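Quick notes on the structure that follows.
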Amino acid sequence: MELDIVELSRLQFAMTAMYHFLFVPLTLGLSILVAIMETVYVMTGRPIWRQMTKFWGTLFGINFVLGVATGITMEFQFGMNWSYYSHYVGDIFGAPLAIEGLMAFFMEATFVGLFFFGWEKLSRTAHLVVTWLVAIGSNFSALWILIANGWMQNPVGAEFNPLSMRMEMTSFFDVMFNEVAQAKFVHTVSAGYVTASVFVLGVSAWYMLRGQHFELARRSIAVAAAFGLASAFSVVILGDESGYNATHSQKMKLAAIEGMWETQPAPAEFTLLGIPDQAARETHYAVHVPYVMGLIGTRSLTTEIPGINDLVAQAETRVRSGIVAYDALMQIREAKGNVSDEVKTTFEDHSKDLGFAFLLKRYVDDPRLATEEQIVKASNDTVPTVWPLFWSFRLMVALGFSFIAVLGYFFVVANWKGMQFPRWALRLGVAIIPAPWIAAELGWFTAEFGRQPWTVDGVLPTAMSVSHLSVADLAITLAGFVAFYTVLFIIEMGLMIKYIKKGPYMDVAETEEWQRKHELRLQSSGQPAPMPAE
Amino acid sequence: MILHELLSFELLRVIWWVLLGVLLIGFALTDGFDLGVGALLPFVGKTDAERRVAINTVGPVWEGNQVWFILGGGAIFAAWPPLYAVSFSGFYLAMFAVLAALILRPVGFKYRSKRESHAWRNGWDWALFVGGAVPALIFGVAMGNVLQGVPFHLTDDLMPMYDGAFWWKFITLLNPFALLAGVVSLSMLVMHGGAWLTLKTEGPVQMRARTIGSVAGIVALVSYALAGVWLAFGIQGYALVGTVVTDGPSNPLMSDVVRTGSWLTAYAVRPWIIIAPLMGFAGIVLATLGLRAGREVSTLLFSKLGIFGVISSVGLTMFPFILPSSKMPNASLTVWDSSSSHLTLFVMLICALIFMPMILAYTAWVYKVLWGKVTEADVTENSDSVY
């Protein structure tokens with residue numbers, strides 16, 4: 001593979017985004033788990049729950065900071081590496097990012113300082129409110145980011161303006177209530193909840209194996225198993241919803257994930273396993289399950305799901321229509337909008353296919369001069385590489401079901417078997433700690449690699465979206481990110497392990513002593529003593 | 001949606017130009033003192049306990065403060081997409097340096113005191129220094145380049161392009177005028193950090209912060225004045241010619257721009273804008289005097305006034321230009337041709353009107369809760385939970 005600026009920009013984006021998402025799911029879920037624990041503390045007043053809140057809160061903090069730090073890269077990278085994308089769709093895509101800052105990130109970041117520093121300065125209830133605001137802020141952040149991402153998958157509520165040469169918003173409500181975005185939001189935050197639950201459960205299981213901190217571990221498992229099990233069901237159900245949405249918004253992605261080359265009579269069969277062969281357009285050694293694909297994709301027994309070959313044929317029609325749109329666009333632009341109604345109508349009739357004409361820009365500067373061969377090539381480019389999608393999707397789904405099994409088992413034993421976990425189960429709990437992260441990264445890979453060759457599905461090709469930087473620019477930043485992020489990862493893991501080994505830093509007697517001193521301090525400072533947060 | 005027609009496109013563009021300034025100033029006023037404290041850290045704290053005091057004055061608030069920066073990025077993306085596209089890719093390696101510095105900073109705050117080792121803590125202190133000083137310098141350098149015009153051009157498809165090798169683009173960013181502007185912003189934010197530490201600390205940390213802060217104030221004063229003189233006599237301004245369409249499509253290539261005279265002709269056209277540089281000078285002078293005299297609250301407020309004046313003077317002087325192009329003046333981005341669409345500006349304004357007052361209210365509440373000095377005793381008693 002020739003590494004040009006497009007490939008390098010994609011590599012850098014994929015790397016920094018996937019790295020960012022090592023920290024995000026734990027932030028999403030752990031913020032809620034910590035808030036739940038603190039709620040129990042405030043309701044019961046039992047010091048063990050405060051100890052749990054502070055312990056998991058410390059781990060939350062170590063993780064949170066890298067989520068914030070690597071998030072800055074994401075916010076700026078669109079402009080740095082994807083400047084044509086930023087120009088072309090910034091009118092729509094920028095809005096949810098800015099709203100994310102206004103509505104969610106500001107709240108989360110402002111209150112997270114008080115979460116750590118406010119224990120002595122706030123009453124119990126006020127501190128609890130602060131904790132919940134951090135959790136809610138984190139989760140609202142995810143909502144707006146996924147509205148932005150959902151628009152890339154299903155660009156609704158926008159149309160092309162020939163005079164400013166970009167997409168412009170026509171309906172903010174369509175963008176906000178994009179069905180793809182809403183399903184992705186619940187799917188993604190639920191995955192974060194599963195990640196945090198498995199993390200809390202695994203660390204607690206490790207304490208149990210070592211015979212340490214039993215009181216903390218037992219209660220943590222009870223909370224994590226219940227919350228995690230509910231979330232694991234939610235992940236699978238909303239994942240299915242995303243698949244159903246893809247049937248009308250991203251047919252090609254769906255067909256590629258299934259390795260479905262030919263359109264099948266409804267209801268289509270589901271390919272459980274097989275070896276997709278892009279060149280031969282065939283999936284070898286396929287193991288089929290009848291009806292399942294049709295049911296998942298269309299929720300009916302009679303609707304057809306188109307295969308890759310038919311979709312390529314449709315793409316070819318759209319490339320040809322896009323060339324007509326491109327020709328009209330050039331006329332409108334040269335005359336600065338003063339063209340006959342006929343040209344305007346032609347453009348409006350074909351403008352939804354303009355992006356398909358841009359696929360030709362890889363082969364020819366002016367799409368109007370494209371040869372038949374180039375049109376065929378551009379149409380074939382609409383098929384993403386099938387085998388990585390096929391496999392990453394299946395692995396993700398298998399992991400998703402395994403979380404239901406493991407969390408379900410722990411839930412049952414925690415509630416009805418008196419927490420009598422056999423050692424193999426505790427070891428399993430420790431061993432699966434990394435699995436939710438793998439599943440989450442596979443999920444993002446499936447969603448974004450499956451969107452190729454587009455940055456915005458059907459609107460703007462990836463190859464056209466990049467900044468005109470030099471290979472040297474990209475080599476410097478890519479090397480810089482790899483080195484910098486690797487060092488940060490090692491430091492973060494080191495601190496995580498150190499603080500997990502250290503365990504909760506105050507036992508119950510110390511907590512009570514602390515509480516006594518705190519009240520004295522408040523009295524001596526002459527203020528009316530609020531209920532101490534400790 | 002018809003509702004957005006209530007406000008004219010032209011008015012919305014001006015409002016968003018003001019809001020762009022509000023965000024930049026909000027960032028400089030809040031995160032500015034964090035950056036200043038970072039740049040001051042190795043010099044105001046000689047012992048570990050002193051450094052922890054300095055760090056913990058910003059410990060609970062830097063995260064919220066930094067969101068001004070992230071929101072600034074997001075708002076530029078949403079309201080001024082061409083500006084976001086051209087500037088972030090045009091200043092590519094400089095942006096990368098800012099990013100690296102701003103990633104170091106959170107990590108430094110959070111991780112520094114989590115291990116006992118002297119080498120570990122000292123290393124992070126210098127990381128915090130870099131994380132404070134480098135962005136403070138680069139923001140000024142960027143402003144200095146914007147005033148001179150940036151060598152980009154736009155293709156007919158409005159694709160931003162830059163000429164020259166990557167290292168040449170980076171080196172030319174560091175030209176003398178831009179470096180002077182960098183000195184203005186670095187010294188101003190160091191002064192601001194000094195004012196913050198004066199308010200939040202006592203004893204030797206406060207003494208050192210006052211001394212270094214007042215020196216920085218003098219540097220800021222002199223360099224700001226020098227930059228003004230240089231701008232008057234050494235740098236050509238930009239002007240729109242022909243009919244200026246204020247509510248047309250956002251296409252920078254549709255307007256005609258020439259390089260002519262000086263930026264400071266703006267003060268002849270709109271004499272009232274002189275108030276901005278006057279506020280800049282007055283704020284810096286009063287903050288410097290306050291640092292010398294050891295006044296606390298008023299010094300921080302004057303320091304804020306100075307920053308407000310300096311940043312708004314740049315914006316007001318250039319209006320309606322936002323990012324002029326030295327390579328292809330017609331491609332220059334102005335308030336009238338580089339905004340989002342009418343609808344997007346309207347929707348974003350509604351969001352800003354809903355959320356900005358909430359943000360200001362809860363930020364003020366957090367500062368109120370945290371009001372008071374940070375002492376060495378605070379740090380040692382709560383060694384496990386503070387930074």
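The way I read the labels, and the way they are meant: chains A, B, ... in the order of the structure tokens, residue 1 as the first residue of every chain, and ligand 1 as the first ligand shown, with later ones counted on from there.
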Do a neighbour search on region 479-485 of chain A at 10 Å with only C-alpha atoms, toss out local chain neighbours closer than 5 positions, and write the hits as a compact mmCIF listing (two decimals) with N, CA and C atoms, in the first residue's frame.
```txt
# COMPACT_ATOMS: atom_id res chain seq x y z
N GLN A 12 -3.61 8.21 11.07
CA GLN A 12 -3.48 9.05 12.26
C GLN A 12 -4.83 9.23 12.95
N MET A 15 -5.79 5.97 14.65
CA MET A 15 -4.97 5.70 15.83
C MET A 15 -5.38 6.60 17.00
N THR A 16 -5.50 7.90 16.73
CA THR A 16 -5.82 8.81 17.83
C THR A 16 -7.26 8.60 18.34
N TYR A 19 -7.34 5.35 20.34
CA TYR A 19 -6.64 5.59 21.60
C TYR A 19 -7.54 6.38 22.55
N HIS A 20 -8.17 7.41 22.01
CA HIS A 20 -9.10 8.20 22.81
C HIS A 20 -10.17 7.28 23.41
N LEU A 66 -6.87 11.27 30.96
CA LEU A 66 -6.38 10.95 29.62
C LEU A 66 -7.50 11.00 28.58
N THR A 70 -6.77 13.39 25.43
CA THR A 70 -6.77 12.88 24.06
C THR A 70 -7.99 13.37 23.29
N THR A 73 -7.20 16.37 21.03
CA THR A 73 -6.70 15.98 19.70
C THR A 73 -7.86 15.77 18.74
N LEU A 474 2.87 14.95 8.02
CA LEU A 474 2.12 13.85 8.62
C LEU A 474 3.04 12.85 9.30
N ILE A 490 1.82 3.91 29.08
CA ILE A 490 2.62 3.17 30.07
C ILE A 490 2.48 3.83 31.44
N ILE A 491 2.55 5.17 31.47
CA ILE A 491 2.41 5.88 32.74
C ILE A 491 1.04 5.63 33.35
N PHE B 96 0.15 21.26 16.35
CA PHE B 96 0.58 20.00 16.97
C PHE B 96 1.35 20.28 18.26
N ALA B 97 2.21 21.32 18.22
CA ALA B 97 2.97 21.67 19.42
C ALA B 97 2.02 22.10 20.55
N ALA B 100 0.33 18.98 21.90
CA ALA B 100 1.22 18.19 22.75
C ALA B 100 1.34 18.86 24.12
N ILE B 103 -1.81 18.45 26.12
CA ILE B 103 -2.03 17.08 26.61
C ILE B 103 -1.13 16.83 27.81
N LEU B 104 0.09 17.38 27.75
CA LEU B 104 1.02 17.22 28.87
C LEU B 104 0.45 17.80 30.16
```
Item to complete: Skip Val189 (chain A) itself and residues of its chain fewer than 4 positions away, then list as JSON, numbers by chain all residues within 8 Å of it, counting only C-alpha atoms.
Response: {"A": [25, 28, 29, 139, 142, 185, 193]}
Atoms kept (N, CA and C atoms) for selection, written as a compact mmCIF listing (two decimals), in the first residue's frame:
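Written out: again.txt:
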```txt
# COMPACT_ATOMS: atom_id res chain seq x y z
N PRO A 25 -14.92 4.86 27.34
CA PRO A 25 -15.96 3.98 27.89
C PRO A 25 -15.88 3.86 29.41
N LEU A 28 -17.46 6.95 30.91
CA LEU A 28 -18.92 6.93 30.81
C LEU A 28 -19.53 6.07 31.90
N GLY A 29 -18.99 4.87 32.07
CA GLY A 29 -19.61 3.92 32.98
C GLY A 29 -19.21 4.14 34.43
N ASN A 139 -22.10 11.70 29.95
CA ASN A 139 -23.00 10.96 29.06
C ASN A 139 -23.63 11.85 28.00
N ALA A 142 -21.28 12.24 25.14
CA ALA A 142 -21.37 11.13 24.18
C ALA A 142 -22.53 11.33 23.24
N PHE A 185 -26.08 6.19 20.02
CA PHE A 185 -25.82 6.77 21.34
C PHE A 185 -26.07 5.75 22.45
N TYR A 193 -20.99 1.38 29.89
CA TYR A 193 -21.44 0.87 31.20
C TYR A 193 -20.94 -0.56 31.40
```
Worksheet item: Which is closer to chain A than all the others in B:Glu50, B:Glu202, B:Asp163, B:Asp34, using only C-alpha atoms?
Response: B:Asp163
Practice prompt. Pick out the residues sitting within 10 Å of Gln66 (chain B), and hand them over as a ChimeraX atom specification; count only C-alpha atoms, and ignore anything fewer than 4 positions along from it in its own chain.
Written response: /A:68,72,106,109-110 /B:27-28,30-32,34-35,61-62,70-72,102,106
Please produce an output containing C-alpha atoms for each residue in the selection, written as an mmCIF file, in the first residue's frame.
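Output file part.cif is given in full below:
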```cif
data_model
loop_
_atom_site.group_PDB
_atom_site.id
_atom_site.type_symbol
_atom_site.label_atom_id
_atom_site.label_comp_id
_atom_site.auth_asym_id
_atom_site.auth_seq_id
_atom_site.Cartn_x
_atom_site.Cartn_y
_atom_site.Cartn_z
ATOM 1 C CA VAL A 68 -9.915 14.683 28.347
ATOM 2 C CA ILE A 72 -8.494 17.728 22.561
ATOM 3 C CA PHE A 106 -18.259 22.374 30.394
ATOM 4 C CA ALA A 109 -15.066 19.421 33.529
ATOM 5 C CA THR A 110 -16.146 22.191 35.883
ATOM 6 C CA PHE B 27 -10.212 31.322 27.518
ATOM 7 C CA ALA B 28 -7.452 33.862 28.161
ATOM 8 C CA THR B 30 -9.606 31.667 32.917
ATOM 9 C CA ASP B 31 -7.216 29.158 31.400
ATOM 10 C CA GLY B 32 -4.781 32.061 30.979
ATOM 11 C CA ASP B 34 -3.484 28.278 34.587
ATOM 12 C CA LEU B 35 -0.987 28.646 31.755
ATOM 13 C CA VAL B 61 -10.424 24.603 38.181
ATOM 14 C CA TRP B 62 -8.031 24.036 35.283
ATOM 15 C CA ILE B 70 -12.055 23.275 23.468
ATOM 16 C CA LEU B 71 -15.330 25.148 23.140
ATOM 17 C CA GLY B 72 -13.443 27.841 21.229
ATOM 18 C CA LEU B 102 -2.038 20.866 26.284
ATOM 19 C CA PRO B 106 -3.714 17.706 32.376
#
```
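Distance annotation: of A:Phe358, A:Phe160, A:Trp391, A:Phe172, the residue with the minimal separation from Ala148 (chain A) is A:Phe172; atom set is only C-alpha atoms.
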Worksheet entry | Between CA of Arg451 (chain A) and CA of Lys253 (chain A) - distance in Å to one decimal | 6.4 Å
Worksheet item: Skipping near chain neighbours, those fewer than 5 positions away, what residues fall within 12 Å of Ala361 (chain B) using only C-alpha atoms, listed as a VMD selection string?
Response: (chain A and resid 106 to 107 110) or (chain B and resid 354 to 356 366 to 368)
Practice prompt. Point out the residue among B:Trp16, B:Val369, B:Tyr111, B:Val205 with the least atom-to-atom distance to Met493 (chain A), counting only C-alpha atoms.
Written response: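 That would be B:Tyr111, the residue with the smallest distance to Met493 (chain A).
The residues of region 262-351 of chain B that DSSP assigns to strand (DSSP E or B) on this backbone come out as Ser262, Phe321, Ile322, Leu323, Ser325, Leu333 and Thr334 of chain B.
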Which polymer residues have any atom within 8 Å of an atom of region 300-312 of chain B, counting only C-alpha atoms, with same-chain residues fewer than 2 positions away left out, as a PDB file with C-alpha atoms, in the first residue's frame?
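The resulting selection-v3.pdb:
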```pdb
ATOM      1  CA  GLY B  21     -14.005  37.197  20.751  1.00  0.00           C
ATOM      2  CA  ILE B  25     -11.144  36.241  25.911  1.00  0.00           C
ATOM      3  CA  ALA B  28      -7.452  33.862  28.161  1.00  0.00           C
ATOM      4  CA  LEU B  29      -9.049  35.103  31.379  1.00  0.00           C
ATOM      5  CA  MET B 188       0.665  38.968  29.791  1.00  0.00           C
ATOM      6  CA  MET B 191       1.481  38.450  34.789  1.00  0.00           C
ATOM      7  CA  HIS B 192      -2.023  36.998  35.026  1.00  0.00           C
ATOM      8  CA  ALA B 195      -1.924  37.887  39.969  1.00  0.00           C
ATOM      9  CA  TRP B 196      -3.756  34.609  40.542  1.00  0.00           C
ATOM     10  CA  LEU B 199      -4.651  35.995  45.478  1.00  0.00           C
ATOM     11  CA  ILE B 275     -11.001  52.260  24.054  1.00  0.00           C
ATOM     12  CA  ALA B 276      -9.687  48.700  23.554  1.00  0.00           C
ATOM     13  CA  PRO B 277      -5.941  49.466  23.514  1.00  0.00           C
ATOM     14  CA  LEU B 278      -6.491  52.021  26.279  1.00  0.00           C
ATOM     15  CA  MET B 279      -8.045  49.320  28.437  1.00  0.00           C
ATOM     16  CA  GLY B 280      -5.129  47.072  27.543  1.00  0.00           C
ATOM     17  CA  PHE B 281      -2.541  49.602  28.677  1.00  0.00           C
ATOM     18  CA  ALA B 282      -4.473  50.695  31.760  1.00  0.00           C
ATOM     19  CA  GLY B 283      -5.125  47.126  32.889  1.00  0.00           C
ATOM     20  CA  ILE B 284      -1.507  46.064  32.524  1.00  0.00           C
ATOM     21  CA  LEU B 286      -2.645  48.849  37.198  1.00  0.00           C
ATOM     22  CA  ALA B 287      -2.058  45.109  37.541  1.00  0.00           C
ATOM     23  CA  GLU B 296      -4.981  40.810  45.734  1.00  0.00           C
ATOM     24  CA  VAL B 297      -8.492  40.943  44.309  1.00  0.00           C
ATOM     25  CA  SER B 298      -8.146  44.221  42.432  1.00  0.00           C
ATOM     26  CA  VAL B 314      -6.596  42.934  17.742  1.00  0.00           C
ATOM     27  CA  GLY B 315     -10.110  41.923  16.705  1.00  0.00           C
ATOM     28  CA  LEU B 316     -11.453  45.461  16.445  1.00  0.00           C
TER      29      LEU B 316
END
```
Residues near Ala220 (chain B), anyone? I mean within 7 Å using only C-alpha atoms, not counting same-chain ones fewer than 3 positions away, as a CSV table (one decimal) with N, CA and C atoms, in the first residue's frame.
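What follows is the written file selection_16.csv:
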```csv
chain,number,residue,atom,x,y,z
B,184,VAL,N,4.3,39.3,23.9
B,184,VAL,CA,3.1,40.0,24.5
B,184,VAL,C,2.2,39.0,25.2
B,187,SER,N,4.1,37.2,28.2
B,187,SER,CA,4.3,38.0,29.4
B,187,SER,C,3.0,38.4,30.1
B,188,MET,N,2.0,38.6,29.2
B,188,MET,CA,0.7,39.0,29.8
B,188,MET,C,0.1,37.8,30.6
B,216,ALA,N,7.0,40.7,34.5
B,216,ALA,CA,6.2,40.2,33.3
B,216,ALA,C,5.3,41.3,32.8
B,217,GLY,N,4.7,42.0,33.8
B,217,GLY,CA,3.8,43.1,33.4
B,217,GLY,C,4.5,44.2,32.7
B,223,SER,N,6.2,45.5,25.2
B,223,SER,CA,6.1,44.7,24.0
B,223,SER,C,4.8,45.1,23.3
B,224,TYR,N,3.7,45.3,24.0
B,224,TYR,CA,2.5,45.7,23.4
B,224,TYR,C,2.6,47.0,22.7
```
Worksheet item: Looking at only C-alpha atoms, which of A:Ala183, A:Leu478, A:Leu488, A:Val397 is the one that sits closest to Gln77 (chain A)?
Response: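 Of the candidates, the smallest distance to Gln77 (chain A) is held by A:Leu478.
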Item to complete: Name the residues in contact with region 369-384 of chain A at a cut-off of 9 Å, using only C-alpha atoms, excluding same-chain residues fewer than 3 positions from it; report them as a PyMOL selection string.
Response: chain A and resi 252-253+256+308+311-320+323+356-357+359-360+362-366+389+449-454
Fill in: Sel. of helix (DSSP H, G or I) residues, region 150-338 of chain A, as a PyMOL selection string
chain A and resi 150-153+172-176+179-209+214-249+251-258+292-298+308-334
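Atom pair CA of Glu5 (chain B) / CA of Lys352 (chain A) has a distance of 26.0 Å (rounded to one decimal).
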